[in-house]
$ cat model11.txt   # compact mmCIF, C-alpha atoms
# COMPACT_ATOMS: atom_id res chain seq x y z
CA MET P 1 39.26 30.99 -8.30
CA ARG P 2 40.39 30.94 -11.88
CA ARG P 3 38.34 28.68 -14.07
CA GLY P 4 38.70 27.78 -17.68
CA ASN P 5 35.78 28.33 -19.97
CA GLY P 6 34.32 24.97 -19.05
CA LEU P 7 36.24 22.94 -21.60
CA PHE P 8 36.88 19.42 -20.47
CA PRO P 9 40.69 19.42 -19.97
CA VAL P 10 40.67 22.44 -17.65
CA ARG P 11 37.86 21.03 -15.54
CA LEU P 12 39.68 17.75 -15.26
CA ARG P 13 42.81 19.49 -14.06
CA ASP P 14 40.85 21.41 -11.46
CA GLU P 15 39.32 18.16 -10.26
CA MET P 16 42.74 16.59 -9.98
CA ASP P 17 44.02 19.63 -8.11
CA ARG P 18 41.13 19.33 -5.73
CA VAL P 19 41.89 15.68 -5.07
CA PHE P 20 45.63 16.06 -4.63
CA GLY P 21 45.86 19.53 -3.17
CA ASP P 22 43.86 20.56 -0.20
CA PHE P 23 43.55 24.17 -0.98
CA TRP P 24 43.16 26.47 1.96
CA GLY P 25 40.56 24.40 3.72
CA PRO P 26 40.36 23.81 7.45
CA ALA P 27 43.52 21.69 7.48
CA LEU P 28 46.77 22.68 5.88
CA ARG P 29 48.63 19.65 4.65
CA VAL P 30 52.28 19.29 3.96
CA ALA P 31 52.53 18.45 0.27
CA PRO P 32 56.19 17.82 -0.45
CA PHE P 33 55.53 15.96 -3.65
CA VAL P 34 53.90 18.89 -5.36
CA VAL P 35 56.72 20.87 -6.85
CA SER P 36 54.94 23.30 -9.09
CA GLY P 37 51.50 24.58 -9.84
CA ARG P 38 48.81 24.85 -7.27
CA GLY P 39 50.19 22.96 -4.37
CA GLY P 40 48.27 24.17 -1.39
CA PHE P 41 49.11 26.83 1.12
CA PRO P 42 50.19 29.57 0.66
CA ALA P 43 48.88 30.77 -2.67
CA LEU P 44 51.54 32.60 -4.62
CA ASN P 45 51.70 35.45 -7.05
CA VAL P 46 54.87 35.66 -9.10
CA TRP P 47 55.92 38.37 -11.53
CA GLU P 48 59.13 39.87 -12.85
CA ASP P 49 60.77 42.97 -14.11
CA GLU P 50 64.05 43.37 -15.89
CA ARG P 51 66.32 42.68 -12.95
CA ASN P 52 64.22 40.76 -10.45
CA LEU P 53 61.73 38.02 -9.92
CA TYR P 54 59.08 38.75 -7.29
CA ALA P 55 56.98 36.35 -5.28
CA GLU P 56 54.24 37.29 -2.86
CA ALA P 57 52.11 35.22 -0.52
CA GLU P 58 49.42 36.03 2.02
CA VAL P 59 50.23 34.45 5.38
CA PRO P 60 48.11 36.24 7.97
CA GLY P 61 48.66 35.31 11.58
CA LEU P 62 52.19 34.08 11.01
CA GLY P 63 55.26 35.76 12.42
CA MET P 64 58.82 35.67 11.20
CA GLU P 65 59.61 32.89 13.63
CA ASP P 66 56.86 30.73 12.11
CA LEU P 67 58.19 30.97 8.56
CA GLU P 68 61.16 29.64 6.65
CA VAL P 69 62.00 30.87 3.16
CA PHE P 70 64.88 29.55 1.15
CA VAL P 71 66.14 29.22 -2.39
CA VAL P 72 68.10 26.23 -3.58
CA GLY P 73 69.09 26.25 -7.21
CA ASN P 74 65.90 26.92 -9.12
CA GLU P 75 63.48 26.15 -6.31
CA LEU P 76 61.87 28.54 -3.90
CA THR P 77 60.58 26.95 -0.70
CA ILE P 78 58.19 28.56 1.76
CA LYS P 79 57.44 26.51 4.80
CA GLY P 80 56.18 27.04 8.28
CA GLU P 81 53.58 26.21 10.82
CA ARG P 82 50.59 27.92 12.30
CA LYS P 83 50.15 26.52 15.75
CA ASP P 84 46.75 25.78 17.14
CA VAL P 85 45.70 27.94 20.06
CA GLU P 86 44.06 26.07 22.90
CA ASN P 87 41.03 27.84 24.21
CA GLU P 88 39.85 26.41 27.48
CA GLY P 89 36.17 26.58 28.16
CA SER P 90 35.26 28.00 24.80
CA ALA P 91 33.20 26.90 21.86
CA TYR P 92 33.85 27.60 18.20
CA HIS P 93 30.97 29.04 16.22
CA ARG P 94 33.11 29.05 13.10
CA ARG P 95 36.54 27.70 12.30
CA GLU P 96 37.71 28.75 8.86
CA ARG P 97 41.33 29.66 9.42
CA GLY P 98 43.82 26.96 8.61
CA VAL P 99 46.05 25.36 11.21
CA GLY P 100 49.10 23.16 10.93
CA ALA P 101 52.34 22.79 9.03
CA PHE P 102 52.75 23.69 5.40
CA CYS P 103 55.47 23.52 2.80
CA ARG P 104 55.27 24.96 -0.68
CA VAL P 105 57.98 24.52 -3.28
CA ILE P 106 57.91 26.15 -6.68
CA GLN P 107 60.22 25.94 -9.64
CA LEU P 108 61.45 29.33 -10.70
CA PRO P 109 61.44 29.91 -14.44
CA ILE P 110 64.65 31.94 -14.34
CA GLU P 111 67.94 31.50 -12.57
CA VAL P 112 68.28 33.78 -9.56
CA ASN P 113 71.07 34.89 -7.32
CA ALA P 114 70.23 32.96 -4.16
CA ASP P 115 72.62 35.01 -2.00
CA GLN P 116 70.77 38.22 -2.66
CA VAL P 117 67.20 37.10 -2.15
CA GLU P 118 65.27 39.36 0.22
CA ALA P 119 62.06 38.56 2.04
CA ASN P 120 59.86 40.97 3.92
CA LEU P 121 56.81 40.24 6.09
CA LYS P 122 54.33 42.99 6.83
CA ASP P 123 50.68 42.73 7.91
CA GLY P 124 50.50 39.14 6.85
CA VAL P 125 51.95 39.70 3.37
CA LEU P 126 55.22 37.95 2.58
CA ALA P 127 57.05 39.73 -0.25
CA ILE P 128 60.13 38.12 -1.75
CA ARG P 129 62.51 39.73 -4.20
CA LEU P 130 64.79 37.40 -6.13
CA PRO P 131 67.44 39.17 -8.20
CA LYS P 132 68.05 37.46 -11.50
CA ALA P 133 71.42 35.83 -11.96
CA GLU P 134 74.00 37.72 -14.00
CA SER P 135 74.03 35.07 -16.67
CA VAL P 136 70.38 35.59 -17.55
CA LEU P 137 70.36 39.37 -17.57
CA PRO P 138 70.19 40.81 -21.06
CA ARG P 139 73.51 42.09 -22.18
CA LYS P 140 73.73 44.83 -24.71
CA ILE P 141 76.13 43.95 -27.46
CA PRO P 142 77.89 46.95 -28.95
CA VAL P 143 77.79 47.04 -32.69
CA THR P 144 81.01 48.20 -34.23
CA GLY P 145 81.16 49.45 -37.71
CA MET I 1 42.27 33.92 -2.28
CA THR I 2 44.14 31.76 0.10
CA THR I 3 42.77 33.68 3.02
CA ALA I 4 39.46 34.61 1.61
CA THR I 5 36.82 33.51 -0.79
CA PHE I 6 35.78 35.65 -3.69
CA ASP I 7 32.56 37.32 -2.70
CA ARG I 8 30.01 36.27 -5.27
CA THR I 9 27.39 38.61 -3.86
CA THR I 10 29.11 41.49 -5.62
CA GLU I 11 28.27 39.92 -8.95
CA SER I 12 24.55 40.34 -8.43
CA ALA I 13 23.27 43.24 -6.38
CA PRO I 14 23.01 41.93 -2.82
CA LYS I 15 20.13 42.89 -0.56
CA GLN I 16 22.33 45.02 1.65
CA GLY I 17 23.51 47.14 -1.24
CA GLU I 18 26.35 47.21 -3.69
CA PHE I 19 29.80 48.45 -2.89
CA THR I 20 30.54 51.87 -4.28
CA ARG I 21 34.16 51.07 -5.05
CA CYS I 22 34.64 48.82 -8.01
CA GLY I 23 37.16 46.05 -8.06
CA ARG I 24 37.24 42.71 -6.37
CA HIS I 25 35.92 42.13 -2.92
CA TYR I 26 36.70 39.25 -0.65
CA GLN I 27 35.26 37.69 2.44
CA PRO I 28 37.96 37.14 5.06
CA ASN I 29 38.23 33.73 6.70
CA VAL I 30 37.15 33.96 10.31
CA ASP I 31 37.31 32.00 13.51
CA ILE I 32 34.54 32.82 15.94
CA VAL I 33 35.04 31.68 19.49
CA GLU I 34 32.59 32.01 22.33
CA THR I 35 33.83 32.06 25.90
CA LEU I 36 31.91 32.69 29.08
CA ASP I 37 32.47 36.42 28.92
CA GLU I 38 32.76 37.34 25.31
CA LEU I 39 32.60 36.51 21.66
CA MET I 40 35.93 36.67 19.90
CA VAL I 41 36.19 37.12 16.15
CA LEU I 42 39.50 36.59 14.34
CA ALA I 43 39.42 37.66 10.70
CA GLU I 44 42.28 37.19 8.27
CA MET I 45 42.74 40.45 6.38
CA PRO I 46 46.32 40.75 5.17
CA GLY I 47 47.65 43.94 3.66
CA VAL I 48 45.02 46.34 4.98
CA GLU I 49 45.91 50.05 5.13
CA PRO I 50 46.46 51.41 8.65
CA ASN I 51 43.23 53.42 8.72
CA GLY I 52 41.39 51.16 6.39
CA ILE I 53 39.61 48.95 8.92
CA ASP I 54 35.98 49.53 9.85
CA VAL I 55 34.11 47.65 12.51
CA ASP I 56 30.43 48.35 12.81
CA PHE I 57 27.98 46.85 15.27
CA GLU I 58 24.38 47.85 14.88
CA ASN I 59 21.14 46.08 15.73
CA GLY I 60 22.88 42.81 16.26
CA SER I 61 24.70 43.00 12.93
CA LEU I 62 28.47 43.00 13.00
CA THR I 63 30.20 44.26 9.85
CA ILE I 64 33.93 44.20 9.35
CA SER I 65 35.65 45.71 6.36
CA GLY I 66 39.20 46.40 5.34
CA ARG I 67 40.50 48.58 2.55
CA VAL I 68 43.43 47.10 0.67
CA ALA I 69 45.65 49.17 -1.58
CA PRO I 70 46.75 47.32 -4.71
CA ARG I 71 50.29 46.09 -4.20
CA GLN I 72 51.30 45.79 -7.81
CA GLY I 73 50.58 48.02 -10.76
CA ALA I 74 47.51 47.24 -12.83
CA GLU I 75 49.66 46.44 -15.84
CA THR I 76 51.77 43.81 -14.03
CA GLU I 77 52.05 40.61 -16.00
CA TYR I 78 52.05 37.70 -13.65
CA LEU I 79 53.99 34.54 -14.27
CA LEU I 80 51.79 32.91 -11.66
CA GLN I 81 48.69 34.39 -10.13
CA GLU I 82 46.91 32.27 -7.57
CA TYR I 83 45.12 34.94 -5.65
CA GLY I 84 43.72 38.40 -6.17
CA VAL I 85 44.09 41.50 -4.04
CA GLY I 86 41.02 43.47 -3.03
CA ASP I 87 38.96 44.89 -0.19
CA PHE I 88 37.54 42.70 2.53
CA HIS I 89 33.96 42.72 3.77
CA ARG I 90 31.91 40.41 5.92
CA THR I 91 28.74 40.78 7.94
CA PHE I 92 27.45 38.56 10.71
CA ARG I 93 24.24 38.45 12.62
CA VAL I 94 25.20 38.13 16.23
CA SER I 95 22.63 36.37 18.36
CA GLU I 96 24.39 37.04 21.66
CA ARG I 97 23.61 40.22 23.48
CA ILE I 98 26.73 42.28 23.18
CA ASP I 99 27.82 45.32 25.13
CA ALA I 100 28.60 47.49 22.10
CA ALA I 101 30.52 50.08 24.10
CA GLY I 102 32.97 47.46 25.24
CA ILE I 103 33.97 46.12 21.83
CA ASN I 104 37.66 46.36 21.16
CA ALA I 105 39.64 45.56 18.06
CA GLU I 106 43.27 44.89 17.31
CA TYR I 107 44.96 44.46 13.94
CA ARG I 108 48.26 42.64 13.95
CA GLY I 109 50.11 40.47 11.45
CA GLY I 110 47.24 40.68 9.01
CA VAL I 111 44.66 39.40 11.49
CA LEU I 112 41.88 41.52 12.97
CA THR I 113 40.94 40.35 16.45
CA LEU I 114 37.65 41.56 17.88
CA HIS I 115 36.52 41.12 21.45
CA LEU I 116 32.79 41.49 21.89
CA PRO I 117 31.92 41.37 25.58
CA LYS I 118 28.61 39.86 26.45
CA VAL I 119 26.04 41.89 28.29
CA GLU I 120 26.17 41.10 32.03
CA ALA I 121 22.77 39.53 32.18
CA VAL I 122 23.57 36.77 29.71
CA LYS I 123 26.88 35.69 31.12
CA ALA I 124 26.75 32.12 32.23
CA ARG I 125 26.57 31.92 35.97
CA LYS I 126 27.27 28.94 38.05
CA ILE I 127 24.34 28.25 40.28
CA ALA I 128 25.17 26.89 43.68
CA VAL I 129 23.03 23.93 44.58
CA ARG I 130 22.04 23.71 48.19
CA SER I 131 21.21 20.36 49.52
CA THR I 132 19.03 20.01 52.54
$ encode --input "model11.txt" --output "structure tokens"
Amino acid sequence: MRRGNGLFPVRLRDEMDRVFGDFWGPALRVAPFVVSGRGGFPALNVWEDERNLYAEAEVPGLGMEDLEVFVVGNELTIKGERKDVENEGSAYHRRERGVGAFCRVIQLPIEVNADQVEANLKDGVLAIRLPKAESVLPRKIPVTG
Amino acid sequence: MTTATFDRTTESAPKQGEFTRCGRHYQPNVDIVETLDELMVLAEMPGVEPNGIDVDFENGSLTISGRVAPRQGAETEYLLQEYGVGDFHRTFRVSERIDAAGINAEYRGGVLTLHLPKVEAVKARKIAVRST
């Protein structure tokens, strides 16, 4: 967990996050009002290169039919549900894996081409490639002289 | 981090020994379910290499570990980084008597499922009550 160096404002923000976001505890909550920042499950890593934005999330135990990924305008939404498995005649020693519905929406910092977004799920890792929109790609301007 | 907690024992040398590989290590989240016949362990370990899973059961101690190859280059600059990628390790003391030869493991969708069958003698048995 990333922590600030103990200065008051960062600690306060972490406390607020803890109150409003239920991060990866026993129950996964739908948090539609949290649009950016730490909003619950799944945790996201986002990076870019020249032509693409990339987003990755760890969603073990979920199949393609349990997940929905879509891009609308500048927002990337990942939602889905991990169904509870009924175990008759059994007792839980530990129950740490989350169960339930989740929905995570993040604002993308750059415009992307929603038609060409690709998502891939392998071994519980969801990898999303979002090609940047033409209008934001750097354009070399020829210098005449 | 969403599926695991950062293993603080790597920061100070733990009693069972330090890991030889450097880098971050994580404890996978687990569900442990006991049925009449077996103990079932489900551990969330996404992104583990195909031969990178080790399950060890010795003297009542069950150790699971998974080797994870880094998915992005070390020099990647993240716009948002909410979790880290690293190897998984977790050890449990199992109080049930387990038939070690019968343990089987399956890795699918990022989840390692272990079936640890109980030794015959400790299986719960319904006792018929005769009334006279």
$ atom_distance --input "model11.txt" --atom1 "atom CA of Gly52 of chain I" --atom2 "atom CA of Ile32 of chain I"
21.8 Å
$ closest_residue --input "model11.txt" --among "P:Ile141, P:Ile128, P:Leu44, P:Leu108" --to "Gly73 of chain P" --atoms "all atoms listed in the file"
P:Leu108
$ closest_atom_pairs --input "model11.txt" --of "segment 80-105 of chain I" --to "segment 60-75 of chain I" --cutoff "6 Å" --atoms "only C-alpha atoms" --output "CSV"
residue,atom,partner,partner_atom,distance
I:Gly86,CA,I:Val68,CA,5.7
I:Asp87,CA,I:Arg67,CA,4.8
I:Phe88,CA,I:Gly66,CA,4.9
I:His89,CA,I:Ser65,CA,4.3
I:Arg90,CA,I:Ile64,CA,5.5
I:Thr91,CA,I:Thr63,CA,4.2
I:Phe92,CA,I:Leu62,CA,5.1
I:Arg93,CA,I:Ser61,CA,4.6
I:Val94,CA,I:Gly60,CA,5.2
$ interface_residues --input "model11.txt" --of "chain I" --to "chain P" --cutoff "10 Å" --atoms "only C-alpha atoms" --output "PyMOL selection string"
chain I and resi 1-6+28-50+71-72+76-85+107-112
$ atom_distance --input "model11.txt" --atom1 "atom CA of Val136 of chain P" --atom2 "atom CA of Thr77 of chain P"
21.3 Å
$ decode --input "model11.txt" --residues "segment 38-144 of chain P" --atoms "C-alpha atoms" --output "compact mmCIF listing (two decimals), in the first residue's frame"
# COMPACT_ATOMS: atom_id res chain seq x y z
CA ARG P 38 -8.86 4.55 -5.55
CA GLY P 39 -12.39 3.38 -5.89
CA GLY P 40 -12.35 -0.19 -4.77
CA PHE P 41 -12.08 -3.36 -6.78
CA PRO P 42 -10.22 -4.00 -9.02
CA ALA P 43 -7.00 -2.12 -8.41
CA LEU P 44 -5.63 -0.66 -11.61
CA ASN P 45 -2.25 0.06 -13.08
CA VAL P 46 -2.23 2.50 -15.97
CA TRP P 47 0.69 3.51 -18.16
CA GLU P 48 1.26 4.74 -21.68
CA ASP P 49 3.60 4.74 -24.59
CA GLU P 50 3.58 6.89 -27.66
CA ARG P 51 0.58 5.34 -29.35
CA ASN P 52 -1.38 3.62 -26.60
CA LEU P 53 -2.72 3.84 -23.12
CA TYR P 54 -2.57 0.59 -21.15
CA ALA P 55 -4.62 -0.49 -18.17
CA GLU P 56 -4.16 -3.68 -16.21
CA ALA P 57 -6.14 -5.21 -13.37
CA GLU P 58 -5.87 -8.43 -11.38
CA VAL P 59 -9.18 -10.27 -11.37
CA PRO P 60 -8.43 -13.86 -10.36
CA GLY P 61 -11.30 -16.30 -10.43
CA LEU P 62 -13.29 -14.31 -12.96
CA GLY P 63 -14.01 -15.50 -16.46
CA MET P 64 -14.81 -13.52 -19.56
CA GLU P 65 -18.51 -14.01 -18.96
CA ASP P 66 -18.20 -12.42 -15.50
CA LEU P 67 -16.61 -9.21 -16.77
CA GLU P 68 -17.72 -6.21 -18.76
CA VAL P 69 -15.25 -3.65 -20.06
CA PHE P 70 -16.26 -0.58 -21.98
CA VAL P 71 -15.08 2.87 -22.91
CA VAL P 72 -17.42 5.81 -23.23
CA GLY P 73 -15.81 9.10 -24.09
CA ASN P 74 -13.03 9.55 -21.58
CA GLU P 75 -14.18 6.94 -19.10
CA LEU P 76 -13.08 3.36 -18.81
CA THR P 77 -15.50 1.10 -16.95
CA ILE P 78 -14.71 -2.36 -15.60
CA LYS P 79 -17.59 -4.12 -14.00
CA GLY P 80 -18.59 -7.62 -13.15
CA GLU P 81 -19.57 -10.03 -10.48
CA ARG P 82 -17.93 -12.87 -8.65
CA LYS P 83 -20.68 -15.21 -7.62
CA ASP P 84 -20.64 -16.90 -4.28
CA VAL P 85 -20.22 -20.66 -4.39
CA GLU P 86 -22.51 -22.57 -2.07
CA ASN P 87 -20.72 -25.31 -0.24
CA GLU P 88 -23.09 -27.68 1.46
CA GLY P 89 -21.90 -29.28 4.62
CA SER P 90 -18.66 -27.37 4.77
CA ALA P 91 -17.06 -24.92 7.12
CA TYR P 92 -14.81 -22.01 6.24
CA HIS P 93 -11.54 -21.79 8.11
CA ARG P 94 -10.66 -18.62 6.23
CA ARG P 95 -12.58 -16.41 3.85
CA GLU P 96 -10.39 -13.73 2.34
CA ARG P 97 -11.44 -13.69 -1.28
CA GLY P 98 -13.98 -11.07 -2.21
CA VAL P 99 -17.45 -11.91 -3.44
CA GLY P 100 -20.13 -9.83 -5.09
CA ALA P 101 -20.64 -7.22 -7.77
CA PHE P 102 -18.16 -4.50 -8.53
CA CYS P 103 -17.94 -1.53 -10.84
CA ARG P 104 -14.90 0.65 -11.33
CA VAL P 105 -14.87 3.74 -13.49
CA ILE P 106 -11.79 5.80 -14.18
CA GLN P 107 -11.24 8.99 -16.11
CA LEU P 108 -8.64 8.58 -18.78
CA PRO P 109 -6.17 11.43 -19.03
CA ILE P 110 -5.98 11.21 -22.82
CA GLU P 111 -8.56 10.79 -25.52
CA VAL P 112 -8.63 7.26 -26.91
CA ASN P 113 -10.12 5.58 -29.91
CA ALA P 114 -12.94 3.63 -28.27
CA ASP P 115 -13.54 1.46 -31.36
CA GLN P 116 -10.07 0.00 -31.23
CA VAL P 117 -9.78 -0.82 -27.56
CA GLU P 118 -8.64 -4.39 -26.93
CA ALA P 119 -8.96 -6.37 -23.73
CA ASN P 120 -7.33 -9.67 -22.93
CA LEU P 121 -7.86 -11.94 -19.91
CA LYS P 122 -5.25 -14.52 -19.01
CA ASP P 123 -4.59 -16.24 -15.68
CA GLY P 124 -6.62 -13.68 -13.83
CA VAL P 125 -4.87 -10.66 -15.35
CA LEU P 126 -7.02 -8.31 -17.41
CA ALA P 127 -4.88 -6.31 -19.85
CA ILE P 128 -6.47 -3.48 -21.80
CA ARG P 129 -4.87 -1.57 -24.65
CA LEU P 130 -6.45 1.75 -25.56
CA PRO P 131 -5.05 3.32 -28.71
CA LYS P 132 -4.76 7.07 -28.43
CA ALA P 133 -7.04 9.12 -30.63
CA GLU P 134 -5.54 10.59 -33.79
CA SER P 135 -6.06 14.10 -32.56
CA VAL P 136 -3.77 13.64 -29.57
CA LEU P 137 -0.94 11.85 -31.34
CA PRO P 138 2.08 14.05 -31.85
CA ARG P 139 2.34 15.24 -35.37
CA LYS P 140 5.67 16.10 -36.84
CA ILE P 141 5.56 19.46 -38.53
CA PRO P 142 7.91 19.74 -41.49
CA VAL P 143 10.05 22.80 -41.43
CA THR P 144 10.49 24.38 -44.81
